[in-house]
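K.L.:
I have a structure I would like to understand better, so I am pasting it below and will then ask my questions one at a time.
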Amino acid sequence: MYAKNGGYIIILLVILIGFCGKTEGATVTCEPQYGFLPCTSETWGRLFLIVVYQYLIALAQSYVSEGSDKFFGLVGPGIFGASLFHIIGNFPSLYLVLQSGLSNNVEGAASSTGMGMSILTGSIVMNLTLIWPTVITFGSYSLSDDDDDDDSDLQQSAEDEPSFFTKLTAYGVKTDNETSNSARIMLASVIPFTLLQLPSIINSTSITRVILLITLILVVSLYITYVTYQMFQPLAQNRIFEYVTQQFVKSKLETLLSTNGKPNVRIIKEIYTGIDVNHDGQVSKTELKTLLVGMQLQSDGAISDDFVEKVMEQFGVSGDEFIQEGEFVRIMTKWLRETRKSASRDDDFNPLRFFIKRNGPVDEEEQTSPLIPKESPKLQISILEYLEALSLVAFGTAVTMLISSPLTTNVWTFASNANVPSFLIPYFVIPCFSSISRILSTIKSASQKTERAASLTLSQIYSGVAQSSLTSLTTFLAIVYIKDLPWDVTAQVLVVLIISGVMTFFTSTRTVYPLWMGYAIYLLYPASLLMLYFLTVGLTKLLADNAPKAMKEQKFESYFERKIAIDASMSIYQFLIVVGRTGTEMLTNEAGEVTSHLQGMFNRTIRLLESGLKPVYVFDGAPPDLKKQELAKRYSRREDATAGLNEAIQSGNKDDIEKFSKRTVKVTKQHNEDCKKLLRLMGVPVIEAPSEAEAQCAALCKADKVYAVASEDMDSLTFGAPKFLRHLMDPSSRKIPVMEFDVSKVLEELNLTMDQFIDLCILCGCDYCDSIKGIGGQTALKLIRQHGSIETILENINRERYQIPEDWPYEEARRLFKEPLVCVDEEQLDIKWSAPDEEGLLNFLVAENGFNSDRAVEKIKASKNKSSQNRLESFFKPVASTSVPIKRKETNEKGSKEPANKKAKAGGGRKKK
DNA sequence: ACTCTGACTCAAGACGCT
DNA sequence: TTGAGTCAGAGT
DNA sequence: AGCGTCC
């Protein structure tokens with residue numbers, strides 16, 4: 001059976017890889033993970049992949065749990081059962097939780113740590129508010145104690161069934177005391193979450209770290225306690241053991257009973273081997289007991305040795321003798337026949353009859369009787385068995401590790417493309433996926449509708465929660481502490497606390513859960529979603545004082561097919577400064593004209609086209625008057641630098657030459673014209689802004705002509721570009737992810753209006769005017785918050801402390817930001833991307849500027865390939881984004897971002913790596 | 001003690017070869 | 001030029 | 001990954 005499933009996994013993988021290969025021919029714009037896993041840039045393709053990956057993970061997890069169950073069955077309760085068993089069983093989900101935190105990507109560390117915690121929170125809450133009530137609703141039976149066995153299935157016999165509302169109180173589930181005990185243990189495991197809440201109350205980074213350490217120590221000691229407890233209190237372990245074997249035997253028996261006609265000897269033999277854990281070819285008394293447990297022979301309480309003896313007698317053996325396979329098959333067959341005919345007498349100890357009417361009488365008096373077989377099953381070790389278990393675990397784990405990273409990336413991208421709120425992904429989607437199999441098995445086992453089944457299943461949930469929160473929390477805290485990662489888990493922690501608090505209230509004191517309670521607790525799940533939503537959204541607002549996260553990291557590839565406006569002058573400047581320049585030397589053509597900018601622009605544009613982006617380059621027009629002052633200053637500085645350069649050349653100081661030559665770089669009209677020509681030849685649209693290029697970019701974005709503005713200059717935000725990308729060009733050379741800013745979110749989280757935001761930017765310093773001495777990002781934000789506008793600030797500010805520049809033209813600057821001179825008429829409509837004019841391009845590059853023709857041809861080809869596939873329009877609108885620290889340009893920018901980290905903003909001390 | 005500012009420094013493109 | 005990172009000093 | 005080359 002494992003082999004069959006293993007076959008599925010392998011076949012699926014092969015299909016996937018084949019799928020990948022197919023994609024490769026036509027469209028490869030995405031990077032296959034590990035070089036062979038398929039990938040896609042289309043949204044629905046992603047969905048498909050997600051489903052497949054998820055299925056694979058579910059399979060893998062079932063392997064791991066089967067394997068670890070097998071281990072447990074082999075070893076039985078003991079030190080292994082107490083410790084390793086849990087860890088192994090939890091490994092796949094643990095890995096899912098932590099893989100994000102393990103990434104080396106420091107930039108994304110904050111979000112990944114948050115993500116790990118969200119997954120943990122999500123699965124805890126899901127266990128408690130979805131799986132838990134499932135036990136109640138699926139496992140409920142009449143709580144009144146009459147012995148009518150007919151209500152075995154609530155849904156079926158509608159006639160004599162009580163009404164739905166009556167059932168709410170009259171039906172339900174009972175559990176034993178041990179279950180409440182597990183609940184209390186689970187509660188204890190949640191205690192550390194309280195500590196994690198402290199940093200948001202206390203405003204100190206150092207204390208935060210101490211708290212982190214204390215929490216870590218607490219969690220570890222709790223974990224040790226938990227393991228120790230289980231070692232010396234085999235109660236809990238025995239429950240799991242029973243649960244495990246019960247699952248196996250039960251499923252077999254169900255198949256057996258569901259086949260009509262002749263008893264299926266093969267399955268009976270399978271059961272026999274299943275029970276015969278040590279594979280010595282015979283079933284002992286202890287092993288038989290396992291069978292009886294699996295049959296749910298008694299609705300609660302232990303199987304008495306007495307009873308086992310009697311059943312043994314049925315098999316013709318007694319005491320320490322063994323049951324042989326042939327005998328086993330014979331008796332089982334007999335039982336089956338009898339059961340079908342229901343001709344058996346009551347005292348003949350046919351356990352199957354009890355199994356069939358699972359909802360047998362509940363004997364409350366026996367509730368307190370010991371649940372545990374007096375002797376734990378002592379099983380002999382079979383190497384083969386171990387190997388099988390081991391390989392199951394190893395295989396499942398390997399598949400999980402392999403798949404989980406592609407799964408999560410796909411899930412994220414899908415979510416962002418489909419506009420799913422991002423917090424739902426780690427909180428709902430991922431735990432949901434990994435819980436599916438658990439939900440199913442829970443339904444199955446709860447459907448037995450016996451106290452024992454309910455108790456076992458609930459215990460299983462509690463201990464599952466306790467284990468996963470302890471293991472995950474330990475690892476999470478350790479990583480965060482050791483790597484000193486930023487973390488802000490206030491919202492998740494609160495949700496866990498509230499949910500588990502409510503659940504504790506429900507569960508700690510009682511053993512009877514009426515049906516209504518199950519339904520009520522279902523409601524907690526949506527409630528927790530709302531709670532988390534308001535906490536994340538609300539909190540950031542509340543914390544807006546510091547660093548709202550209004551930004552989202554994006555993969556470079558996720559901008560496939562997106563139209564992006566780029567400020568050309570900025571790029572040209574960069575190219576001139578950096579491309580092929582050594583001292584005063586630059587890349588030139590034969591005529592001695594500089595071609596650095598062409599080289600850079602060509603390469604970059606090719607790269608963009610190859611990635612499927614649609615760039616629009618916007619060139620600067622005439623600078624506004626205000627900026628002229630600034631420009632004049634720059635000009636004079638450049639003069640100085642030129643003088644310095646000459647001096648340096650004469651003195652031969654290389655460092656100085658280097659330094660000054662950088663400063664003397666100037667983008668000339670000629671450079672601009674060259675680039676425009678190049679771009680037009682490449683089929684890339686070029687727009688000439690009447691004034692500021694940044695402003696024009698923003699206008700294009702506002703007019704929905706482009707998806708976003710890409711720039712390194714934060715002025716774009718001030719100009720109100722709805723979407724703003726930073727580091728778009730960087731990922732190739734550096735490992736910085738693209739940051740996507742959403743102005744509306746920025747405003748929302750800063751809790752400012754656009755006008756206020758503009759004022760803020762002016763205060764922080766802009767190209768148009770000076771800033772006020774002594775006011776940086778922080779103070780500016782505070783002042784704006786407090787007073788609302790520059791005017792009011794000026795009225796209220798302490799003029800002694802802050803020297804306000806004379807003739808401070810803030811109003812003018814504001815006007816430039818608010819109503820920049822941009823071109824809005826339909827002239828812009830001709831933003832069209834066309835195929836490159838190869839001939840013209842080659843002529844221009846090779847003939848006029850001395851480019852290597854082979855290289856040029858090759859690159860043009862590359863870009864053409866990709867751009868032809870660009871035709872596949874994506875249906876999906878640009879994506880909403882979330883969360884980022886706000887920044888402002890100038891030094892102060894750091895003012896607002898960096899403090900964001902330090903400020904211990906209520907969000908909990910974030911530390912920077 | 002903690003926060004904020006401002007002054008300082010540094011690097012800045014993109015590709016391919018080894 | 002720009003931003004990023006660091007550091008010292010001044011301000012609470 | 002580091003370093004030279006692109007023109």
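As shown in the structure tokens, the chain order sets the letters A, B, ...; within each chain, residues go from 1, and ligands are also counted from 1 in the order they appear.
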Check which residues of chain C sit at most 10 Å from chain A using only C-alpha atoms (C1' of nucleotides), and return one row each with the closest pair of atoms and their distance in Å to one decimal, ordered by chain and rising number, as a tab-separated table.
P.N.:
```
residue	atom	partner	partner_atom	distance
C:DT1	C1'	A:Arg663	CA	7.9
C:DT2	C1'	A:Asp713	CA	7.4
C:DG3	C1'	A:Glu890	CA	7.9
C:DA4	C1'	A:Lys894	CA	8.4
C:DG5	C1'	A:Lys894	CA	9.8
C:DG11	C1'	A:Gly774	CA	9.9
```
K.L.:
Taking only C-alpha atoms (C1' of nucleotides) into account and nothing else, which residues of chain A lie no more than 7 Å away from chain B? Please answer as a PyMOL selection string.
P.N.:
chain A and resi 574-575+578-579+600+603+774+776
K.L.:
Could you make a table, as a Markdown table, of the residues of chain D that have an atom within 9 Å of an atom of chain A, each with its nearest atom pair and distance in Å to one decimal, counting only C-alpha atoms (C1' of nucleotides), in chain and number order?
P.N.:
```
| residue | atom | partner | partner_atom | distance |
| --- | --- | --- | --- | --- |
| D:DT5 | C1' | A:Gly580 | CA | 8.3 |
| D:DC6 | C1' | A:Gly580 | CA | 7.1 |
| D:DC7 | C1' | A:Leu587 | CA | 4.5 |
```
K.L.:
Please identify the helix (DSSP H, G or I) residues within range 589-708 of chain A (assignment by DSSP from backbone atoms) and present them as number ranges by chain.
P.N.:
A: 596-610, 625-651, 654-663, 669-681, 693-702
K.L.:
If we count only C-alpha atoms (C1' of nucleotides), what is near Pro685 in chain A at a cut-off of 6 Å, once residues fewer than 2 positions away on the same chain are taken out, given as a list in words?
P.N.:
Val616, Ile831 and Lys832 of chain A
K.L.:
What separation in Å, quoted to one decimal, exists between CA of Ser62 in chain A and CA of Val125 in chain A?
P.N.:
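Separation of CA of Ser62 in chain A and CA of Val125 in chain A: 21.3 Å.
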